[in-house]
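Trainee: The following file, model_27.pdb, comprises PDB, C-alpha atoms and all ligand atoms:
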```pdb
MODEL        1
ATOM      1  CA  MET A   1      58.914 -36.823 126.811
ATOM      2  CA  GLY A   2      61.516 -37.769 129.454
ATOM      3  CA  ASP A   3      62.913 -41.251 129.980
ATOM      4  CA  THR A   4      60.676 -41.957 132.983
ATOM      5  CA  GLN A   5      57.573 -40.974 131.046
ATOM      6  CA  ARG A   6      58.708 -43.087 128.076
ATOM      7  CA  VAL A   7      59.076 -46.147 130.293
ATOM      8  CA  THR A   8      55.742 -45.464 132.027
ATOM      9  CA  ALA A   9      54.072 -45.350 128.603
ATOM     10  CA  ALA A  10      55.839 -48.532 127.451
ATOM     11  CA  ILE A  11      54.665 -50.366 130.580
ATOM     12  CA  ALA A  12      51.106 -49.141 130.108
ATOM     13  CA  ALA A  13      51.150 -50.352 126.489
ATOM     14  CA  SER A  14      52.774 -53.703 127.227
ATOM     15  CA  ALA A  15      50.766 -56.913 127.167
ATOM     16  CA  ARG A  16      53.702 -59.025 128.353
ATOM     17  CA  LEU A  17      55.941 -57.467 130.951
ATOM     18  CA  CYS A  18      58.775 -59.379 132.595
ATOM     19  CA  VAL A  19      60.425 -57.939 135.707
ATOM     20  CA  LEU A  20      63.729 -59.415 136.894
ATOM     21  CA  THR A  21      64.731 -58.399 140.402
ATOM     22  CA  GLY A  22      67.884 -58.696 142.490
ATOM     23  CA  ALA A  23      69.008 -57.832 145.983
ATOM     24  CA  GLY A  24      68.654 -54.066 145.399
ATOM     25  CA  MET A  25      64.891 -54.639 145.229
ATOM     26  CA  SER A  26      64.851 -55.457 148.947
ATOM     27  CA  ALA A  27      67.561 -52.999 150.058
ATOM     28  CA  GLU A  28      64.985 -50.391 151.091
ATOM     29  CA  SER A  29      63.291 -53.067 153.206
ATOM     30  CA  GLY A  30      66.523 -53.281 155.206
ATOM     31  CA  ILE A  31      67.859 -56.507 153.689
ATOM     32  CA  PRO A  32      71.516 -56.081 152.713
ATOM     33  CA  THR A  33      72.647 -56.633 149.136
ATOM     34  CA  PHE A  34      75.658 -58.794 148.301
ATOM     35  CA  ARG A  35      77.995 -56.605 146.264
ATOM     36  CA  ASP A  36      77.400 -52.998 147.369
ATOM     37  CA  ALA A  37      80.878 -51.805 148.334
ATOM     38  CA  MET A  38      80.209 -50.822 151.960
ATOM     39  CA  SER A  39      77.030 -52.641 152.979
ATOM     40  CA  GLY A  40      77.022 -55.755 150.762
ATOM     41  CA  LEU A  41      77.274 -59.135 152.499
ATOM     42  CA  TRP A  42      80.176 -60.220 150.283
ATOM     43  CA  SER A  43      82.211 -57.208 151.398
ATOM     44  CA  ARG A  44      82.259 -58.677 154.931
ATOM     45  CA  PHE A  45      81.801 -62.409 154.385
ATOM     46  CA  ASP A  46      83.439 -64.953 152.092
ATOM     47  CA  PRO A  47      80.877 -66.582 149.784
ATOM     48  CA  ALA A  48      83.096 -69.671 149.450
ATOM     49  CA  GLU A  49      82.729 -70.221 153.214
ATOM     50  CA  LEU A  50      79.067 -69.269 153.586
ATOM     51  CA  ALA A  51      77.402 -69.949 150.251
ATOM     52  CA  SER A  52      78.795 -73.233 149.008
ATOM     53  CA  GLU A  53      78.263 -76.875 149.874
ATOM     54  CA  ALA A  54      81.990 -77.229 150.664
ATOM     55  CA  GLY A  55      81.748 -74.289 153.075
ATOM     56  CA  PHE A  56      78.748 -75.862 154.808
ATOM     57  CA  ARG A  57      80.497 -79.224 155.158
ATOM     58  CA  ALA A  58      83.605 -77.499 156.541
ATOM     59  CA  ASP A  59      81.719 -75.623 159.292
ATOM     60  CA  PRO A  60      77.999 -76.518 159.375
ATOM     61  CA  ALA A  61      77.243 -74.690 162.637
ATOM     62  CA  ARG A  62      78.746 -71.411 161.421
ATOM     63  CA  VAL A  63      76.886 -71.541 158.117
ATOM     64  CA  TRP A  64      73.647 -72.591 159.834
ATOM     65  CA  ASP A  65      73.890 -69.696 162.294
ATOM     66  CA  TRP A  66      74.630 -67.204 159.514
ATOM     67  CA  TYR A  67      71.503 -68.259 157.629
ATOM     68  CA  ALA A  68      69.454 -68.312 160.864
ATOM     69  CA  GLU A  69      70.366 -64.655 161.363
ATOM     70  CA  ARG A  70      69.467 -63.783 157.759
ATOM     71  CA  ARG A  71      66.188 -65.712 158.061
ATOM     72  CA  ALA A  72      65.302 -63.693 161.168
ATOM     73  CA  GLY A  73      66.102 -60.457 159.298
ATOM     74  CA  VAL A  74      63.820 -61.432 156.426
ATOM     75  CA  ARG A  75      60.974 -62.321 158.796
ATOM     76  CA  LEU A  76      61.179 -58.864 160.380
ATOM     77  CA  ALA A  77      61.419 -57.022 157.050
ATOM     78  CA  GLN A  78      58.384 -55.604 155.273
ATOM     79  CA  PRO A  79      57.760 -55.189 151.536
ATOM     80  CA  ASN A  80      58.744 -51.686 150.398
ATOM     81  CA  ALA A  81      56.912 -49.340 148.035
ATOM     82  CA  GLY A  82      58.540 -51.087 145.043
ATOM     83  CA  HIS A  83      57.320 -54.560 146.043
ATOM     84  CA  ARG A  84      53.871 -53.110 146.743
ATOM     85  CA  ALA A  85      53.733 -51.352 143.358
ATOM     86  CA  LEU A  86      54.497 -54.657 141.616
ATOM     87  CA  GLY A  87      51.807 -56.408 143.678
ATOM     88  CA  GLU A  88      49.246 -53.723 142.840
ATOM     89  CA  PHE A  89      50.181 -53.842 139.149
ATOM     90  CA  ALA A  90      49.604 -57.617 139.063
ATOM     91  CA  ARG A  91      46.170 -57.148 140.660
ATOM     92  CA  ARG A  92      45.224 -54.300 138.323
ATOM     93  CA  ARG A  93      46.455 -55.952 135.122
ATOM     94  CA  PRO A  94      46.123 -59.704 135.613
ATOM     95  CA  GLY A  95      48.101 -61.907 133.223
ATOM     96  CA  VAL A  96      50.520 -59.171 132.097
ATOM     97  CA  LEU A  97      53.391 -59.484 134.593
ATOM     98  CA  THR A  98      55.848 -62.340 135.012
ATOM     99  CA  LEU A  99      58.043 -61.628 137.999
ATOM    100  CA  VAL A 100      61.404 -63.378 138.157
ATOM    101  CA  THR A 101      63.549 -62.858 141.230
ATOM    102  CA  GLN A 102      67.021 -63.813 142.351
ATOM    103  CA  ASN A 103      65.999 -62.937 145.895
ATOM    104  CA  VAL A 104      65.561 -65.645 148.482
ATOM    105  CA  ASP A 105      63.287 -63.492 150.660
ATOM    106  CA  ASP A 106      59.503 -63.624 150.324
ATOM    107  CA  LEU A 107      58.786 -59.902 150.043
ATOM    108  CA  HIS A 108      57.361 -60.103 146.504
ATOM    109  CA  GLN A 109      55.041 -62.888 147.626
ATOM    110  CA  ARG A 110      53.938 -60.962 150.724
ATOM    111  CA  ALA A 111      53.190 -57.941 148.508
ATOM    112  CA  GLY A 112      50.826 -60.058 146.413
ATOM    113  CA  ASN A 113      52.996 -61.633 143.710
ATOM    114  CA  THR A 114      52.533 -65.170 144.985
ATOM    115  CA  GLY A 115      53.613 -66.652 141.651
ATOM    116  CA  ALA A 116      57.045 -64.956 141.547
ATOM    117  CA  ILE A 117      59.635 -67.282 140.024
ATOM    118  CA  GLN A 118      62.427 -67.761 142.581
ATOM    119  CA  LEU A 119      65.624 -68.566 140.697
ATOM    120  CA  HIS A 120      67.859 -68.892 143.756
ATOM    121  CA  GLY A 121      65.503 -70.693 146.133
ATOM    122  CA  ASP A 122      63.813 -69.637 149.355
ATOM    123  CA  ILE A 123      65.784 -68.865 152.507
ATOM    124  CA  GLN A 124      62.943 -69.938 154.824
ATOM    125  CA  ARG A 125      62.827 -73.472 153.435
ATOM    126  CA  ASP A 126      64.781 -76.426 154.751
ATOM    127  CA  HIS A 127      66.332 -79.108 152.562
ATOM    128  CA  TRP A 128      68.239 -82.271 153.371
ATOM    129  CA  LEU A 129      71.964 -82.030 152.706
ATOM    130  CA  GLU A 130      72.110 -85.581 151.322
ATOM    131  CA  PRO A 131      69.226 -86.732 149.124
ATOM    132  CA  CYS A 132      66.807 -88.628 151.410
ATOM    133  CA  THR A 133      66.414 -92.164 150.079
ATOM    134  CA  ARG A 134      63.448 -93.193 152.256
ATOM    135  CA  GLN A 135      59.947 -93.753 150.913
ATOM    136  CA  PRO A 136      58.140 -91.528 151.687
ATOM    137  CA  GLY A 137      60.976 -89.024 152.150
ATOM    138  CA  CYS A 138      61.612 -87.638 155.654
ATOM    139  CA  ASP A 139      60.406 -84.098 156.299
ATOM    140  CA  ALA A 140      63.374 -81.729 156.741
ATOM    141  CA  ALA A 141      61.122 -79.237 158.549
ATOM    142  CA  ALA A 142      60.524 -81.892 161.255
ATOM    143  CA  ALA A 143      64.217 -82.634 161.902
ATOM    144  CA  ALA A 144      65.552 -82.793 165.474
ATOM    145  CA  PRO A 145      66.755 -79.349 166.633
ATOM    146  CA  GLY A 146      70.459 -78.585 166.277
ATOM    147  CA  ARG A 147      72.972 -76.384 164.473
ATOM    148  CA  PRO A 148      72.017 -77.610 161.912
ATOM    149  CA  PRO A 149      69.033 -79.834 162.754
ATOM    150  CA  ARG A 150      69.472 -83.527 161.926
ATOM    151  CA  CYS A 151      67.219 -86.394 160.973
ATOM    152  CA  ALA A 152      66.452 -88.314 164.180
ATOM    153  CA  ASP A 153      66.710 -91.617 162.245
ATOM    154  CA  CYS A 154      69.752 -91.320 159.979
ATOM    155  CA  GLY A 155      71.567 -88.125 161.035
ATOM    156  CA  ASN A 156      71.146 -86.418 157.658
ATOM    157  CA  ARG A 157      71.708 -82.688 158.114
ATOM    158  CA  VAL A 158      69.359 -79.875 157.169
ATOM    159  CA  ARG A 159      70.640 -77.051 154.955
ATOM    160  CA  PRO A 160      68.920 -73.852 153.831
ATOM    161  CA  GLY A 161      66.898 -74.100 150.619
ATOM    162  CA  VAL A 162      68.960 -71.585 148.661
ATOM    163  CA  VAL A 163      71.099 -72.123 145.566
ATOM    164  CA  TRP A 164      74.767 -72.051 146.518
ATOM    165  CA  PHE A 165      77.727 -71.259 144.265
ATOM    166  CA  GLY A 166      78.468 -74.215 142.017
ATOM    167  CA  GLU A 167      74.877 -75.516 142.178
ATOM    168  CA  GLN A 168      72.270 -75.715 139.444
ATOM    169  CA  LEU A 169      69.250 -73.445 139.549
ATOM    170  CA  PRO A 170      65.898 -75.239 140.000
ATOM    171  CA  PRO A 171      65.349 -76.406 136.390
ATOM    172  CA  ALA A 172      61.613 -75.626 136.233
ATOM    173  CA  SER A 173      62.182 -72.077 137.556
ATOM    174  CA  LEU A 174      65.004 -71.402 135.109
ATOM    175  CA  LEU A 175      62.938 -72.720 132.210
ATOM    176  CA  ALA A 176      59.960 -70.550 133.204
ATOM    177  CA  ALA A 177      62.236 -67.503 133.503
ATOM    178  CA  GLU A 178      63.832 -68.127 130.107
ATOM    179  CA  HIS A 179      60.405 -68.542 128.581
ATOM    180  CA  ALA A 180      59.239 -65.251 130.115
ATOM    181  CA  ALA A 181      62.378 -63.482 128.862
ATOM    182  CA  ALA A 182      61.896 -64.797 125.341
ATOM    183  CA  ALA A 183      58.171 -63.996 125.262
ATOM    184  CA  CYS A 184      58.018 -60.539 126.851
ATOM    185  CA  GLU A 185      57.692 -57.214 125.047
ATOM    186  CA  LEU A 186      59.359 -55.288 127.829
ATOM    187  CA  MET A 187      61.760 -56.341 130.564
ATOM    188  CA  LEU A 188      62.533 -54.266 133.643
ATOM    189  CA  VAL A 189      65.738 -55.286 135.407
ATOM    190  CA  VAL A 190      65.608 -53.987 138.969
ATOM    191  CA  GLY A 191      68.385 -53.886 141.563
ATOM    192  CA  THR A 192      70.803 -56.487 140.264
ATOM    193  CA  SER A 193      74.531 -56.152 139.629
ATOM    194  CA  GLY A 194      74.224 -58.613 136.727
ATOM    195  CA  ALA A 195      77.246 -60.475 138.076
ATOM    196  CA  VAL A 196      75.639 -63.883 138.583
ATOM    197  CA  TRP A 197      74.706 -66.224 135.767
ATOM    198  CA  PRO A 198      72.473 -67.561 134.340
ATOM    199  CA  ALA A 199      70.135 -64.901 135.800
ATOM    200  CA  ALA A 200      72.264 -62.108 134.330
ATOM    201  CA  GLY A 201      71.784 -63.586 130.852
ATOM    202  CA  LEU A 202      68.011 -63.125 130.912
ATOM    203  CA  ALA A 203      68.279 -59.467 129.861
ATOM    204  CA  SER A 204      70.256 -60.239 126.701
ATOM    205  CA  GLN A 205      67.938 -63.162 126.005
ATOM    206  CA  ALA A 206      64.939 -60.815 126.125
ATOM    207  CA  ARG A 207      66.691 -58.271 123.938
ATOM    208  CA  ARG A 208      67.649 -60.874 121.316
ATOM    209  CA  ALA A 209      64.015 -61.974 121.210
ATOM    210  CA  GLY A 210      62.969 -58.401 120.408
ATOM    211  CA  ALA A 211      61.987 -57.026 123.804
ATOM    212  CA  GLN A 212      62.861 -53.585 125.077
ATOM    213  CA  VAL A 213      65.087 -53.812 128.176
ATOM    214  CA  VAL A 214      65.091 -51.134 130.873
ATOM    215  CA  ILE A 215      67.429 -51.233 133.869
ATOM    216  CA  LEU A 216      66.487 -49.563 137.153
ATOM    217  CA  ASN A 217      69.495 -49.166 139.417
ATOM    218  CA  PRO A 218      71.097 -46.288 141.347
ATOM    219  CA  ALA A 219      74.569 -47.481 140.248
ATOM    220  CA  LEU A 220      76.290 -49.072 137.262
ATOM    221  CA  SER A 221      75.581 -52.739 136.608
ATOM    222  CA  GLU A 222      77.507 -55.285 134.571
ATOM    223  CA  ILE A 223      74.643 -55.573 132.089
ATOM    224  CA  ASP A 224      73.959 -51.884 131.399
ATOM    225  CA  ALA A 225      75.109 -52.470 127.811
ATOM    226  CA  GLU A 226      72.182 -54.874 127.310
ATOM    227  CA  ALA A 227      69.651 -52.160 128.089
ATOM    228  CA  ASP A 228      67.806 -49.843 125.744
ATOM    229  CA  LEU A 229      67.481 -47.453 128.644
ATOM    230  CA  VAL A 230      68.906 -47.128 132.140
ATOM    231  CA  LEU A 231      67.029 -45.220 134.854
ATOM    232  CA  ARG A 232      69.219 -44.209 137.787
ATOM    233  CA  GLY A 233      67.192 -44.501 140.981
ATOM    234  CA  THR A 234      66.049 -46.941 143.610
ATOM    235  CA  ALA A 235      63.349 -49.588 143.377
ATOM    236  CA  ALA A 236      61.095 -47.938 145.958
ATOM    237  CA  GLU A 237      61.413 -44.538 144.240
ATOM    238  CA  LEU A 238      61.035 -45.588 140.630
ATOM    239  CA  LEU A 239      58.625 -48.527 140.538
ATOM    240  CA  PRO A 240      55.604 -46.757 142.088
ATOM    241  CA  ARG A 241      55.981 -43.961 139.517
ATOM    242  CA  LEU A 242      56.524 -46.244 136.539
ATOM    243  CA  LEU A 243      53.769 -48.727 137.356
ATOM    244  CA  ALA A 244      51.073 -46.265 138.364
ATOM    245  CA  GLY A 245      49.981 -45.376 134.831
TER     246      GLY A 245
HETATM  247  P1  LIG B   1      74.097 -57.660 144.160
HETATM  248  O1  LIG B   1      74.403 -57.365 145.583
HETATM  249  O2  LIG B   1      75.168 -58.266 143.332
HETATM  250  O3  LIG B   1      73.651 -56.322 143.430
HETATM  251  C1  LIG B   1      72.737 -55.469 144.027
HETATM  252  C2  LIG B   1      72.412 -54.367 143.051
HETATM  253  O4  LIG B   1      71.366 -53.575 143.602
HETATM  254  C3  LIG B   1      73.578 -53.410 142.758
HETATM  255  O5  LIG B   1      73.674 -53.242 141.349
HETATM  256  C4  LIG B   1      73.149 -52.099 143.438
HETATM  257  O6  LIG B   1      73.604 -50.941 142.735
HETATM  258  C5  LIG B   1      71.650 -52.211 143.379
HETATM  259  N1  LIG B   1      70.920 -51.467 144.421
HETATM  260  C6  LIG B   1      71.322 -51.131 145.661
HETATM  261  N2  LIG B   1      70.348 -50.501 146.324
HETATM  262  C7  LIG B   1      69.291 -50.433 145.487
HETATM  263  C8  LIG B   1      67.969 -49.903 145.581
HETATM  264  N3  LIG B   1      67.535 -49.329 146.703
HETATM  265  N4  LIG B   1      67.147 -50.018 144.503
HETATM  266  C9  LIG B   1      67.587 -50.613 143.368
HETATM  267  N5  LIG B   1      68.803 -51.131 143.226
HETATM  268  C10 LIG B   1      69.653 -51.046 144.262
HETATM  269  O7  LIG B   1      72.768 -58.552 144.153
HETATM  270  P2  LIG B   1      72.233 -59.532 143.001
HETATM  271  O8  LIG B   1      72.515 -58.969 141.669
HETATM  272  O9  LIG B   1      70.841 -59.865 143.362
HETATM  273  O10 LIG B   1      72.813 -65.444 145.245
HETATM  274  O11 LIG B   1      73.151 -60.797 143.241
HETATM  275  C11 LIG B   1      72.914 -61.971 142.517
HETATM  276  C12 LIG B   1      73.106 -63.172 143.416
HETATM  277  O12 LIG B   1      74.399 -63.132 144.021
HETATM  278  C13 LIG B   1      72.155 -63.240 144.591
HETATM  279  O13 LIG B   1      70.917 -63.824 144.262
HETATM  280  C14 LIG B   1      72.898 -64.053 145.582
HETATM  281  C15 LIG B   1      74.301 -63.521 145.408
HETATM  282  O14 LIG B   1      75.330 -64.410 145.706
HETATM  283  C16 LIG B   1      72.111 -66.293 146.060
HETATM  284  O15 LIG B   1      71.572 -65.943 147.093
HETATM  285  C17 LIG B   1      72.064 -67.689 145.583
ENDMDL
END
```
Using the file provided, produce a representation of the structure as structure tokens.
Mentor:
Amino acid sequence: MGDTQRVTAAIAASARLCVLTGAGMSAESGIPTFRDAMSGLWSRFDPAELASEAGFRADPARVWDWYAERRAGVRLAQPNAGHRALGEFARRRPGVLTLVTQNVDDLHQRAGNTGAIQLHGDIQRDHWLEPCTRQPGCDAAAAAPGRPPRCADCGNRVRPGVVWFGEQLPPASLLAAEHAAAACELMLVVGTSGAVWPAAGLASQARRAGAQVVILNPALSEIDAEADLVLRGTAAELLPRLLAG
């Protein structure tokens, strides 16, 4: 039996499957990754300027425009065969899959996994930069237009609802992800470099708790050593084959 067949059989036999995805999951939908050498966003842009609160405060219009462009790209993108295979698997085997994603796009949700745990937020959502102290709180989505939009009453600025460097992950999402990692029998790690924590630690957490860990990635990742098996290939190639059984 080859490695692909072994993983297909393990998935078919698993009652608790956890899938952790990263930017590579959406690469074949046309959304750039962060760390791929030629095409990754961080090869062209400085994350300290574009993905930190300090960077936003230093040049809010630039950061707002950069996210506006990425938001538009996500809206135009479509789920690929990998997202669709995960959606179909969840429909076919309800209650088996917990999907944890570092991605801020909504392609898993649009492919049917509406309950995907989003560790790094949602790029289409708006948040207030400063905590809104009014009761009830003002609605960031209704802010006066601008780059960025501002609260018509107090001038509070809107920022994208993603987790920036130096910020905590949403506690409930992280807890749910850690629980899924500790409770699963099998974890598939798809399209992540494993460079960003705490998400990168979920694979070793699953392994310590006794799960089998399989990495799907066309290139080396920083957490390959945590895996029982590494399959070299893309998300849209591998997932439909592995999840069909
Ligand atoms: P990275 O850009 O760090 O890694 C992308 C991974 O996807 C690499 O290991 C690639 O080899 C792999 N890859 C590329 N194309 C692929 C394909 N078609 N199929 C499968 N894998 C492919 O992205 P992440 O690991 O997700 O933070 O990065 C983690 C976080 O760093 C992101 O969530 C983001 C970023 O700063 C936030 O947005 C908050």
Trainee: Go ahead and fit an axis-aligned box to every listed atom of stretch 153-166 of chain A plus 8 Å each side, and pass me the centre and edge lengths in Å, one decimal, as lines of an AutoDock Vina configuration file.
Mentor:
```
center_x = 72.6
center_y = -81.4
center_z = 152.1
size_x = 27.8
size_y = 36.4
size_z = 36.2
```
Trainee: What residues have any atom no more than 6 Å from ligand LIG 1 (chain B) when counting all atoms listed in the file, and can you list them as number ranges by chain?
Mentor: A: 22-25, 27-28, 33-36, 102-103, 120, 162-164, 190-194, 196, 217-219, 221, 234-235
Trainee: For those residues, write C-alpha atoms to a file as an mmCIF file, in the frame of the given file.
Mentor:
```cif
data_model
loop_
_atom_site.group_PDB
_atom_site.id
_atom_site.type_symbol
_atom_site.label_atom_id
_atom_site.label_comp_id
_atom_site.auth_asym_id
_atom_site.auth_seq_id
_atom_site.Cartn_x
_atom_site.Cartn_y
_atom_site.Cartn_z
ATOM 1 C CA GLY A 22 67.884 -58.696 142.490
ATOM 2 C CA ALA A 23 69.008 -57.832 145.983
ATOM 3 C CA GLY A 24 68.654 -54.066 145.399
ATOM 4 C CA MET A 25 64.891 -54.639 145.229
ATOM 5 C CA ALA A 27 67.561 -52.999 150.058
ATOM 6 C CA GLU A 28 64.985 -50.391 151.091
ATOM 7 C CA THR A 33 72.647 -56.633 149.136
ATOM 8 C CA PHE A 34 75.658 -58.794 148.301
ATOM 9 C CA ARG A 35 77.995 -56.605 146.264
ATOM 10 C CA ASP A 36 77.400 -52.998 147.369
ATOM 11 C CA GLN A 102 67.021 -63.813 142.351
ATOM 12 C CA ASN A 103 65.999 -62.937 145.895
ATOM 13 C CA HIS A 120 67.859 -68.892 143.756
ATOM 14 C CA VAL A 162 68.960 -71.585 148.661
ATOM 15 C CA VAL A 163 71.099 -72.123 145.566
ATOM 16 C CA TRP A 164 74.767 -72.051 146.518
ATOM 17 C CA VAL A 190 65.608 -53.987 138.969
ATOM 18 C CA GLY A 191 68.385 -53.886 141.563
ATOM 19 C CA THR A 192 70.803 -56.487 140.264
ATOM 20 C CA SER A 193 74.531 -56.152 139.629
ATOM 21 C CA GLY A 194 74.224 -58.613 136.727
ATOM 22 C CA VAL A 196 75.639 -63.883 138.583
ATOM 23 C CA ASN A 217 69.495 -49.166 139.417
ATOM 24 C CA PRO A 218 71.097 -46.288 141.347
ATOM 25 C CA ALA A 219 74.569 -47.481 140.248
ATOM 26 C CA SER A 221 75.581 -52.739 136.608
ATOM 27 C CA THR A 234 66.049 -46.941 143.610
ATOM 28 C CA ALA A 235 63.349 -49.588 143.377
#
```
Trainee: As an exercise, work out the distance from atom CA of A:Ala206 to atom CA of A:Trp42 in Å and give it to one decimal place.
Mentor: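 It comes out at 28.6 Å.
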Trainee: Applied to this file, what does the PyMOL selection byres (((chain A and resi 171) around 12) and not hetatm) return in terms of residues, put as a PyMOL selection string?
Mentor: chain A and resi 117-121+163+167-170+172-178+198
Trainee: Work out how far atom CA of A:Leu186 is from atom CA of A:Gly95, in Å to one decimal.
Mentor: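 So the answer is 14.1 Å.
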Trainee: So what does the PyMOL selection byres (((chain A and resi 84) around 10) and not hetatm) actually pick up in this one, as a VMD selection string?
Mentor: chain A and resid 78 to 83 85 to 90 107 to 113 236 239 to 240
Trainee: Take atom CA of A:Pro136 and atom CA of A:Ala152 and report the distance between them in Å, one decimal.
Mentor: 15.3 Å
Trainee: So, counting only C-alpha atoms, which residue among A:Val19, A:Ala141, A:Leu238, A:Ile223 is closest to A:Cys184?
Mentor: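 Distance minimum relative to A:Cys184 lands on A:Val19.
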Trainee: Point out the residue among A:Ala180, A:Leu216, A:Leu129, A:Ala12 with the least atom-to-atom distance to A:Val158, counting all atoms listed in the file.
Mentor: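 Comparing A:Ala180, A:Leu216, A:Leu129, A:Ala12 against A:Val158, the winner is A:Leu129.
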Trainee: Just say which residues the PyMOL selection byres (((chain A and resi 203) around 9) and not hetatm) picks in this file, as a ChimeraX atom specification.
Mentor: /A:20,181,187-189,199-202,204-208,213-214,223,226-227
Trainee: Which one is closest to A:Val96: A:Arg57, A:Arg157, A:His127, A:Arg16? Count only C-alpha atoms.
Mentor: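 Nearest to A:Val96: A:Arg16.
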Trainee: Would you mind telling me which residue in A:Gly2, A:Gly73, A:Pro131, A:Pro47 lies nearest to A:Pro32 when using all atoms listed in the file?
Mentor: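 That would be A:Gly73, the residue with the smallest distance to A:Pro32.
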Trainee: At a cut-off of 6 Å around the point (64.5, -84.5, 159.6) (file coordinates), what residues fall inside when counting all atoms listed in the file? I'd like the answer as JSON, numbers by chain.
Mentor: {"A": [138, 139, 140, 142, 143, 150, 151]}
Trainee: From the options A:Pro160, A:Met38, A:Val74, A:Asp106, which residue's atoms come nearest to A:Asp126, counting all atoms listed in the file?
Mentor: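 Nearest to A:Asp126: A:Pro160.
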Trainee: Nearest to A:Arg75 among A:Thr114, A:Thr4, A:Gln124, A:Gln212, with distances taken over all atoms listed in the file: which residue is it?
Mentor: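 Among the listed residues, A:Gln124 lies closest to A:Arg75.
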Trainee: Could you add the missing atoms to stretch 59-72 of chain A, up to N, CA, C and O atoms, and return them as an mmCIF file, keeping the file's coordinate frame?
Mentor:
```cif
data_model
loop_
_atom_site.group_PDB
_atom_site.id
_atom_site.type_symbol
_atom_site.label_atom_id
_atom_site.label_comp_id
_atom_site.auth_asym_id
_atom_site.auth_seq_id
_atom_site.Cartn_x
_atom_site.Cartn_y
_atom_site.Cartn_z
ATOM 1 N N ASP A 59 82.119 -76.204 158.001
ATOM 2 C CA ASP A 59 81.719 -75.623 159.292
ATOM 3 C C ASP A 59 80.189 -75.449 159.313
ATOM 4 O O ASP A 59 79.675 -74.334 159.195
ATOM 5 N N PRO A 60 79.469 -76.568 159.478
ATOM 6 C CA PRO A 60 77.999 -76.518 159.375
ATOM 7 C C PRO A 60 77.363 -75.571 160.398
ATOM 8 O O PRO A 60 76.423 -74.854 160.052
ATOM 9 N N ALA A 61 77.883 -75.532 161.608
ATOM 10 C CA ALA A 61 77.243 -74.690 162.637
ATOM 11 C C ALA A 61 77.368 -73.211 162.271
ATOM 12 O O ALA A 61 76.415 -72.439 162.394
ATOM 13 N N ARG A 62 78.547 -72.826 161.779
ATOM 14 C CA ARG A 62 78.746 -71.411 161.421
ATOM 15 C C ARG A 62 77.801 -71.012 160.287
ATOM 16 O O ARG A 62 77.156 -69.963 160.332
ATOM 17 N N VAL A 63 77.738 -71.871 159.269
ATOM 18 C CA VAL A 63 76.886 -71.541 158.117
ATOM 19 C C VAL A 63 75.413 -71.541 158.541
ATOM 20 O O VAL A 63 74.653 -70.642 158.183
ATOM 21 N N TRP A 64 75.039 -72.526 159.370
ATOM 22 C CA TRP A 64 73.647 -72.591 159.834
ATOM 23 C C TRP A 64 73.279 -71.319 160.592
ATOM 24 O O TRP A 64 72.230 -70.718 160.371
ATOM 25 N N ASP A 65 74.167 -70.890 161.482
ATOM 26 C CA ASP A 65 73.890 -69.696 162.294
ATOM 27 C C ASP A 65 73.792 -68.440 161.425
ATOM 28 O O ASP A 65 72.974 -67.557 161.680
ATOM 29 N N TRP A 66 74.645 -68.376 160.398
ATOM 30 C CA TRP A 66 74.630 -67.204 159.514
ATOM 31 C C TRP A 66 73.290 -67.118 158.782
ATOM 32 O O TRP A 66 72.693 -66.042 158.687
ATOM 33 N N TYR A 67 72.803 -68.257 158.310
ATOM 34 C CA TYR A 67 71.503 -68.259 157.629
ATOM 35 C C TYR A 67 70.365 -68.019 158.619
ATOM 36 O O TYR A 67 69.365 -67.378 158.286
ATOM 37 N N ALA A 68 70.507 -68.528 159.854
ATOM 38 C CA ALA A 68 69.454 -68.312 160.864
ATOM 39 C C ALA A 68 69.288 -66.812 161.109
ATOM 40 O O ALA A 68 68.170 -66.298 161.217
ATOM 41 N N GLU A 69 70.415 -66.104 161.160
ATOM 42 C CA GLU A 69 70.366 -64.655 161.363
ATOM 43 C C GLU A 69 69.709 -63.960 160.163
ATOM 44 O O GLU A 69 68.874 -63.064 160.324
ATOM 45 N N ARG A 70 70.080 -64.391 158.953
ATOM 46 C CA ARG A 70 69.467 -63.783 157.759
ATOM 47 C C ARG A 70 67.974 -64.110 157.694
ATOM 48 O O ARG A 70 67.166 -63.260 157.318
ATOM 49 N N ARG A 71 67.617 -65.348 158.050
ATOM 50 C CA ARG A 71 66.188 -65.712 158.061
ATOM 51 C C ARG A 71 65.414 -64.802 159.007
ATOM 52 O O ARG A 71 64.324 -64.334 158.683
ATOM 53 N N ALA A 72 65.975 -64.546 160.184
ATOM 54 C CA ALA A 72 65.302 -63.693 161.168
ATOM 55 C C ALA A 72 65.135 -62.279 160.605
ATOM 56 O O ALA A 72 64.089 -61.649 160.763
#
```
